[in-house]
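Text of the file start_35.pdb, holding PDB, C-alpha atoms:
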ATOM      1  CA  MET A   1      75.012 182.038 120.964
ATOM      2  CA  GLU A   2      72.651 183.942 123.188
ATOM      3  CA  LYS A   3      72.118 186.487 120.438
ATOM      4  CA  LYS A   4      70.586 183.813 118.213
ATOM      5  CA  PHE A   5      68.190 182.890 120.974
ATOM      6  CA  GLU A   6      67.269 186.486 121.531
ATOM      7  CA  THR A   7      66.546 187.113 117.859
ATOM      8  CA  LEU A   8      64.444 183.949 117.733
ATOM      9  CA  ILE A   9      62.534 185.039 120.805
ATOM     10  CA  ASP A  10      61.963 188.526 119.420
ATOM     11  CA  ASN A  11      60.732 187.108 116.109
ATOM     12  CA  THR A  12      58.327 184.814 117.942
ATOM     13  CA  ILE A  13      56.951 187.695 119.990
ATOM     14  CA  GLU A  14      56.388 189.659 116.791
ATOM     15  CA  LYS A  15      54.509 186.782 115.191
ATOM     16  CA  PHE A  16      52.263 186.418 118.200
ATOM     17  CA  ASN A  17      51.633 190.151 118.266
ATOM     18  CA  MET A  18      50.565 190.031 114.624
ATOM     19  CA  VAL A  19      47.876 187.530 115.502
ATOM     20  CA  GLY A  20      46.738 189.749 118.341
ATOM     21  CA  VAL A  21      48.083 187.781 121.289
ATOM     22  CA  GLU A  22      50.045 189.795 123.809
ATOM     23  CA  ILE A  23      53.102 188.016 125.169
ATOM     24  CA  LYS A  24      54.305 188.863 128.628
ATOM     25  CA  GLY A  25      57.397 186.687 128.737
ATOM     26  CA  ILE A  26      59.205 183.746 127.188
ATOM     27  CA  LEU A  27      61.472 181.201 128.829
ATOM     28  CA  VAL A  28      63.526 178.485 127.120
ATOM     29  CA  CYS A  29      65.095 175.703 129.173
ATOM     30  CA  ASP A  30      66.595 172.287 128.512
ATOM     31  CA  GLN A  31      65.056 168.937 129.441
ATOM     32  CA  ASN A  32      66.748 169.005 132.847
ATOM     33  CA  GLY A  33      65.310 172.359 133.791
ATOM     34  CA  LEU A  34      68.365 174.524 133.262
ATOM     35  CA  PRO A  35      67.497 177.917 131.754
ATOM     36  CA  LEU A  36      68.820 178.683 128.282
ATOM     37  CA  ALA A  37      67.198 181.993 127.433
ATOM     38  CA  SER A  38      64.494 184.171 128.887
ATOM     39  CA  LYS A  39      62.723 187.431 128.285
ATOM     40  CA  ASP A  40      60.869 189.287 131.059
ATOM     41  CA  VAL A  41      60.613 186.171 133.204
ATOM     42  CA  SER A  42      61.969 185.875 136.717
ATOM     43  CA  ILE A  43      60.769 182.361 137.543
ATOM     44  CA  SER A  44      63.089 179.356 137.597
ATOM     45  CA  PRO A  45      62.205 176.684 135.041
ATOM     46  CA  GLY A  46      62.727 173.481 137.057
ATOM     47  CA  PRO A  47      59.087 172.429 137.438
ATOM     48  CA  ILE A  48      58.391 173.508 133.849
ATOM     49  CA  ALA A  49      60.731 170.887 132.411
ATOM     50  CA  LEU A  50      59.367 168.219 134.762
ATOM     51  CA  LEU A  51      55.759 169.008 133.883
ATOM     52  CA  SER A  52      56.501 168.748 130.163
ATOM     53  CA  GLN A  53      58.116 165.370 130.639
ATOM     54  CA  LEU A  54      55.233 164.035 132.704
ATOM     55  CA  ALA A  55      52.787 165.282 130.085
ATOM     56  CA  SER A  56      54.674 163.489 127.298
ATOM     57  CA  SER A  57      54.656 160.234 129.226
ATOM     58  CA  LEU A  58      50.948 160.613 129.880
ATOM     59  CA  SER A  59      50.069 160.909 126.237
ATOM     60  CA  GLY A  60      52.996 159.148 124.569
ATOM     61  CA  GLN A  61      53.424 161.930 122.039
ATOM     62  CA  ARG A  62      54.797 165.411 122.097
ATOM     63  CA  THR A  63      52.325 167.590 123.975
ATOM     64  CA  THR A  64      51.517 171.163 124.680
ATOM     65  CA  VAL A  65      50.588 171.974 128.257
ATOM     66  CA  CYS A  66      48.557 175.057 129.037
ATOM     67  CA  LEU A  67      48.186 176.312 132.620
ATOM     68  CA  GLU A  68      45.623 179.037 133.000
ATOM     69  CA  ASN A  69      43.675 181.121 135.421
ATOM     70  CA  SER A  70      41.285 183.966 134.870
ATOM     71  CA  GLU A  71      43.977 186.529 134.120
ATOM     72  CA  ALA A  72      46.909 184.830 132.474
ATOM     73  CA  GLN A  73      48.119 181.615 130.970
ATOM     74  CA  VAL A  74      51.366 179.784 130.213
ATOM     75  CA  LEU A  75      51.900 177.513 127.263
ATOM     76  CA  LEU A  76      54.614 174.889 127.591
ATOM     77  CA  HIS A  77      55.841 173.196 124.458
ATOM     78  CA  GLN A  78      58.494 170.538 124.261
ATOM     79  CA  THR A  79      60.870 170.300 121.317
ATOM     80  CA  ASP A  80      63.679 167.821 120.709
ATOM     81  CA  LYS A  81      66.096 169.323 123.165
ATOM     82  CA  THR A  82      64.303 172.172 124.900
ATOM     83  CA  VAL A  83      61.120 173.212 126.590
ATOM     84  CA  VAL A  84      59.663 176.585 125.672
ATOM     85  CA  ALA A  85      57.329 178.437 128.049
ATOM     86  CA  VAL A  86      55.262 181.334 126.700
ATOM     87  CA  TYR A  87      53.441 183.601 129.150
ATOM     88  CA  THR A  88      50.456 185.496 127.750
ATOM     89  CA  LYS A  89      47.522 187.488 128.977
ATOM     90  CA  HIS A  90      45.245 185.875 126.466
ATOM     91  CA  ALA A  91      42.750 183.761 128.394
ATOM     92  CA  THR A  92      39.886 182.452 126.248
TER      93      THR A  92
ATOM     94  CA  MET B   1      28.640 159.751 145.708
ATOM     95  CA  THR B   2      27.767 159.531 142.043
ATOM     96  CA  ALA B   3      26.640 163.146 142.115
ATOM     97  CA  LEU B   4      30.324 164.002 141.779
ATOM     98  CA  ALA B   5      30.718 161.967 138.605
ATOM     99  CA  LYS B   6      27.714 163.731 137.057
ATOM    100  CA  VAL B   7      29.788 166.848 136.544
ATOM    101  CA  PHE B   8      31.287 165.135 133.527
ATOM    102  CA  ASP B   9      27.989 164.350 131.838
ATOM    103  CA  ASN B  10      27.898 167.593 129.900
ATOM    104  CA  VAL B  11      31.499 167.608 128.773
ATOM    105  CA  PRO B  12      31.428 167.321 124.967
ATOM    106  CA  ASP B  13      33.565 164.644 123.274
ATOM    107  CA  CYS B  14      34.541 163.164 126.626
ATOM    108  CA  VAL B  15      36.109 159.711 126.263
ATOM    109  CA  GLY B  16      37.021 159.234 129.915
ATOM    110  CA  TYR B  17      37.330 160.940 133.247
ATOM    111  CA  LEU B  18      39.005 160.538 136.599
ATOM    112  CA  ILE B  19      38.289 161.947 140.029
ATOM    113  CA  MET B  20      41.022 161.663 142.652
ATOM    114  CA  SER B  21      41.379 162.805 146.219
ATOM    115  CA  ASP B  22      44.206 165.113 147.174
ATOM    116  CA  ASP B  23      46.420 162.248 148.285
ATOM    117  CA  GLY B  24      46.332 160.644 144.841
ATOM    118  CA  SER B  25      43.839 157.844 145.473
ATOM    119  CA  ILE B  26      41.223 157.294 142.766
ATOM    120  CA  GLU B  27      37.599 157.935 143.721
ATOM    121  CA  HIS B  28      35.920 157.526 140.323
ATOM    122  CA  SER B  29      37.133 156.635 136.885
ATOM    123  CA  HIS B  30      35.382 156.024 133.609
ATOM    124  CA  GLY B  31      36.090 155.261 129.953
ATOM    125  CA  ASP B  32      39.669 155.524 128.739
ATOM    126  CA  LEU B  33      40.897 156.458 132.187
ATOM    127  CA  GLN B  34      39.022 153.678 133.965
ATOM    128  CA  ASN B  35      41.327 151.538 136.122
ATOM    129  CA  ASN B  36      44.286 153.324 134.565
ATOM    130  CA  GLU B  37      46.595 153.594 137.566
ATOM    131  CA  ASN B  38      49.470 154.699 135.402
ATOM    132  CA  ALA B  39      47.587 157.705 134.072
ATOM    133  CA  ALA B  40      46.257 158.506 137.540
ATOM    134  CA  ASN B  41      49.762 158.532 139.019
ATOM    135  CA  LEU B  42      51.028 160.753 136.224
ATOM    136  CA  ILE B  43      48.117 163.152 136.553
ATOM    137  CA  TYR B  44      48.647 163.357 140.311
ATOM    138  CA  LYS B  45      52.339 164.130 139.855
ATOM    139  CA  MET B  46      51.492 166.718 137.218
ATOM    140  CA  VAL B  47      49.049 168.488 139.511
ATOM    141  CA  LEU B  48      51.649 168.660 142.291
ATOM    142  CA  CYS B  49      54.195 170.016 139.833
ATOM    143  CA  ALA B  50      51.833 172.475 138.159
ATOM    144  CA  ALA B  51      50.865 173.903 141.549
ATOM    145  CA  ARG B  52      54.399 175.234 141.815
ATOM    146  CA  ILE B  53      54.499 176.842 138.378
ATOM    147  CA  SER B  54      53.308 180.397 138.226
ATOM    148  CA  VAL B  55      50.940 181.503 135.512
ATOM    149  CA  HIS B  56      52.479 184.964 135.584
ATOM    150  CA  PRO B  57      56.111 185.570 134.568
ATOM    151  CA  THR B  58      57.058 187.620 137.630
ATOM    152  CA  LYS B  59      54.538 187.210 140.426
ATOM    153  CA  HIS B  60      53.435 183.839 141.721
ATOM    154  CA  MET B  61      49.902 183.089 140.548
ATOM    155  CA  ALA B  62      48.579 179.538 140.716
ATOM    156  CA  PHE B  63      46.588 177.859 137.957
ATOM    157  CA  LYS B  64      42.853 177.229 138.003
ATOM    158  CA  ARG B  65      42.874 174.708 135.210
ATOM    159  CA  PHE B  66      45.474 173.108 133.013
ATOM    160  CA  THR B  67      45.248 171.161 129.821
ATOM    161  CA  VAL B  68      47.581 168.715 128.110
ATOM    162  CA  SER B  69      46.972 168.503 124.366
ATOM    163  CA  ASP B  70      48.395 166.226 121.740
ATOM    164  CA  ASP B  71      47.165 165.544 118.229
ATOM    165  CA  GLN B  72      44.223 163.392 119.161
ATOM    166  CA  TYR B  73      43.150 164.055 122.713
ATOM    167  CA  VAL B  74      43.219 166.775 125.294
ATOM    168  CA  TYR B  75      43.298 166.164 129.041
ATOM    169  CA  CYS B  76      41.567 168.905 131.003
ATOM    170  CA  ILE B  77      42.597 168.895 134.654
ATOM    171  CA  SER B  78      41.396 171.004 137.511
ATOM    172  CA  SER B  79      41.148 170.742 141.260
ATOM    173  CA  ALA B  80      38.585 171.908 143.780
ATOM    174  CA  ASN B  81      37.588 171.003 147.312
ATOM    175  CA  HIS B  82      40.484 168.594 147.986
ATOM    176  CA  ARG B  83      39.736 166.674 144.793
ATOM    177  CA  ILE B  84      41.381 166.475 141.395
ATOM    178  CA  TYR B  85      39.151 166.237 138.326
ATOM    179  CA  ALA B  86      40.570 165.110 134.991
ATOM    180  CA  ALA B  87      38.649 164.681 131.716
ATOM    181  CA  LYS B  88      40.024 163.187 128.521
ATOM    182  CA  ARG B  89      38.377 164.706 125.467
ATOM    183  CA  ARG B  90      38.795 164.148 121.757
ATOM    184  CA  GLN B  91      40.308 167.040 119.858
ATOM    185  CA  GLU B  92      37.934 168.327 117.235
ATOM    186  CA  SER B  93      40.565 169.065 114.660
ATOM    187  CA  SER B  94      44.311 168.697 114.695
ATOM    188  CA  ALA B  95      44.840 171.149 111.861
ATOM    189  CA  ILE B  96      46.828 174.186 112.909
ATOM    190  CA  ALA B  97      46.229 177.187 110.692
TER     191      ALA B  97
END
Would you encode the structure as structure tokens?
Amino acid sequence: MEKKFETLIDNTIEKFNMVGVEIKGILVCDQNGLPLASKDVSISPGPIALLSQLASSLSGQRTTVCLENSEAQVLLHQTDKTVVAVYTKHAT
Amino acid sequence: MTALAKVFDNVPDCVGYLIMSDDGSIEHSHGDLQNNENAANLIYKMVLCAARISVHPTKHMAFKRFTVSDDQYVYCISSANHRIYAAKRRQESSAIA
């Protein structure tokens, strides 16, 4: 099952690279914060799942959260059963 | 006191803003976020949670700003000087190419 995740993650990284965005890491976790798959990430996903849930209750719809500073950013996106965190260097 | 709220005057498409102190109490609110204790509580919890998420996948780097976007609005949240600033702005276009 992990292989499917890894192929999905690799395909996503390729797509982002085609658009010119460099990905530093990807992390997939479930709604409770348990990690499902990760690539190049050594951070535990507990607060990521919580932040996504709080963001959805703030807006009432499915949301994308973006945390950024001057050098890097993380995009958190919630799907039906998981939360996906994408770490990039691309800071606009 | 109102000099603080003036920082939001130049934010384009702003439909509401909120300024909170670092203990979660509301100092100013306006527009969609005016008197919205629910949103203020959520934003406060989100800031506490986001402070623990690193922006970098391996080292711990804290955020300077974070945004919550849905189809219609985007909440831009930042903190400085023991205060939390949140602005609710209309999204220009929800079309994703």
Would you translate the PyMOL selection byres ((chain A and resi 24) around 9) into the concrete set of residues it matches in this file, as a list in words?
Glu22, Ile23, Gly25, Ile26, Lys39, Asp40, Val41, Val86, Tyr87, Thr88 and Lys89 of chain A; His56 and Pro57 of chain B
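Distance-wise, atom CA of Lys88 of chain B and atom CA of Val19 of chain A end up 28.7 Å apart.
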Output the contact residues of chain B with respect to chain A at a cut-off of 10 Å, based on all atoms listed in the file, as JSON, numbers by chain.
{"B": [38, 39, 40, 41, 42, 43, 45, 46, 47, 48, 49, 50, 51, 52, 53, 54, 55, 56, 57, 58, 59, 60, 61, 62, 63, 64, 65, 66, 67, 68, 69, 70, 71, 72, 73, 74, 75, 76, 77, 78]}
Grab the residues selected above and save them as a PDB file, keeping the file's coordinate frame with C-alpha atoms.
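Output saved as again-v6.pdb:
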ATOM      1  CA  ASN B  38      49.470 154.699 135.402  1.00  0.00           C
ATOM      2  CA  ALA B  39      47.587 157.705 134.072  1.00  0.00           C
ATOM      3  CA  ALA B  40      46.257 158.506 137.540  1.00  0.00           C
ATOM      4  CA  ASN B  41      49.762 158.532 139.019  1.00  0.00           C
ATOM      5  CA  LEU B  42      51.028 160.753 136.224  1.00  0.00           C
ATOM      6  CA  ILE B  43      48.117 163.152 136.553  1.00  0.00           C
ATOM      7  CA  LYS B  45      52.339 164.130 139.855  1.00  0.00           C
ATOM      8  CA  MET B  46      51.492 166.718 137.218  1.00  0.00           C
ATOM      9  CA  VAL B  47      49.049 168.488 139.511  1.00  0.00           C
ATOM     10  CA  LEU B  48      51.649 168.660 142.291  1.00  0.00           C
ATOM     11  CA  CYS B  49      54.195 170.016 139.833  1.00  0.00           C
ATOM     12  CA  ALA B  50      51.833 172.475 138.159  1.00  0.00           C
ATOM     13  CA  ALA B  51      50.865 173.903 141.549  1.00  0.00           C
ATOM     14  CA  ARG B  52      54.399 175.234 141.815  1.00  0.00           C
ATOM     15  CA  ILE B  53      54.499 176.842 138.378  1.00  0.00           C
ATOM     16  CA  SER B  54      53.308 180.397 138.226  1.00  0.00           C
ATOM     17  CA  VAL B  55      50.940 181.503 135.512  1.00  0.00           C
ATOM     18  CA  HIS B  56      52.479 184.964 135.584  1.00  0.00           C
ATOM     19  CA  PRO B  57      56.111 185.570 134.568  1.00  0.00           C
ATOM     20  CA  THR B  58      57.058 187.620 137.630  1.00  0.00           C
ATOM     21  CA  LYS B  59      54.538 187.210 140.426  1.00  0.00           C
ATOM     22  CA  HIS B  60      53.435 183.839 141.721  1.00  0.00           C
ATOM     23  CA  MET B  61      49.902 183.089 140.548  1.00  0.00           C
ATOM     24  CA  ALA B  62      48.579 179.538 140.716  1.00  0.00           C
ATOM     25  CA  PHE B  63      46.588 177.859 137.957  1.00  0.00           C
ATOM     26  CA  LYS B  64      42.853 177.229 138.003  1.00  0.00           C
ATOM     27  CA  ARG B  65      42.874 174.708 135.210  1.00  0.00           C
ATOM     28  CA  PHE B  66      45.474 173.108 133.013  1.00  0.00           C
ATOM     29  CA  THR B  67      45.248 171.161 129.821  1.00  0.00           C
ATOM     30  CA  VAL B  68      47.581 168.715 128.110  1.00  0.00           C
ATOM     31  CA  SER B  69      46.972 168.503 124.366  1.00  0.00           C
ATOM     32  CA  ASP B  70      48.395 166.226 121.740  1.00  0.00           C
ATOM     33  CA  ASP B  71      47.165 165.544 118.229  1.00  0.00           C
ATOM     34  CA  GLN B  72      44.223 163.392 119.161  1.00  0.00           C
ATOM     35  CA  TYR B  73      43.150 164.055 122.713  1.00  0.00           C
ATOM     36  CA  VAL B  74      43.219 166.775 125.294  1.00  0.00           C
ATOM     37  CA  TYR B  75      43.298 166.164 129.041  1.00  0.00           C
ATOM     38  CA  CYS B  76      41.567 168.905 131.003  1.00  0.00           C
ATOM     39  CA  ILE B  77      42.597 168.895 134.654  1.00  0.00           C
ATOM     40  CA  SER B  78      41.396 171.004 137.511  1.00  0.00           C
TER      41      SER B  78
END
Can you turn the PyMOL selection byres ((chain B and resi 21) around 10) into a concrete residue list for this file, as a PyMOL selection string?
chain B and resi 19-20+22-28+44+79-85
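Among the candidates A:Leu36, A:Phe16, A:Thr82, A:His77, the residue lying nearest to Lys3 of chain A is A:Leu36 (atoms considered: only C-alpha atoms).
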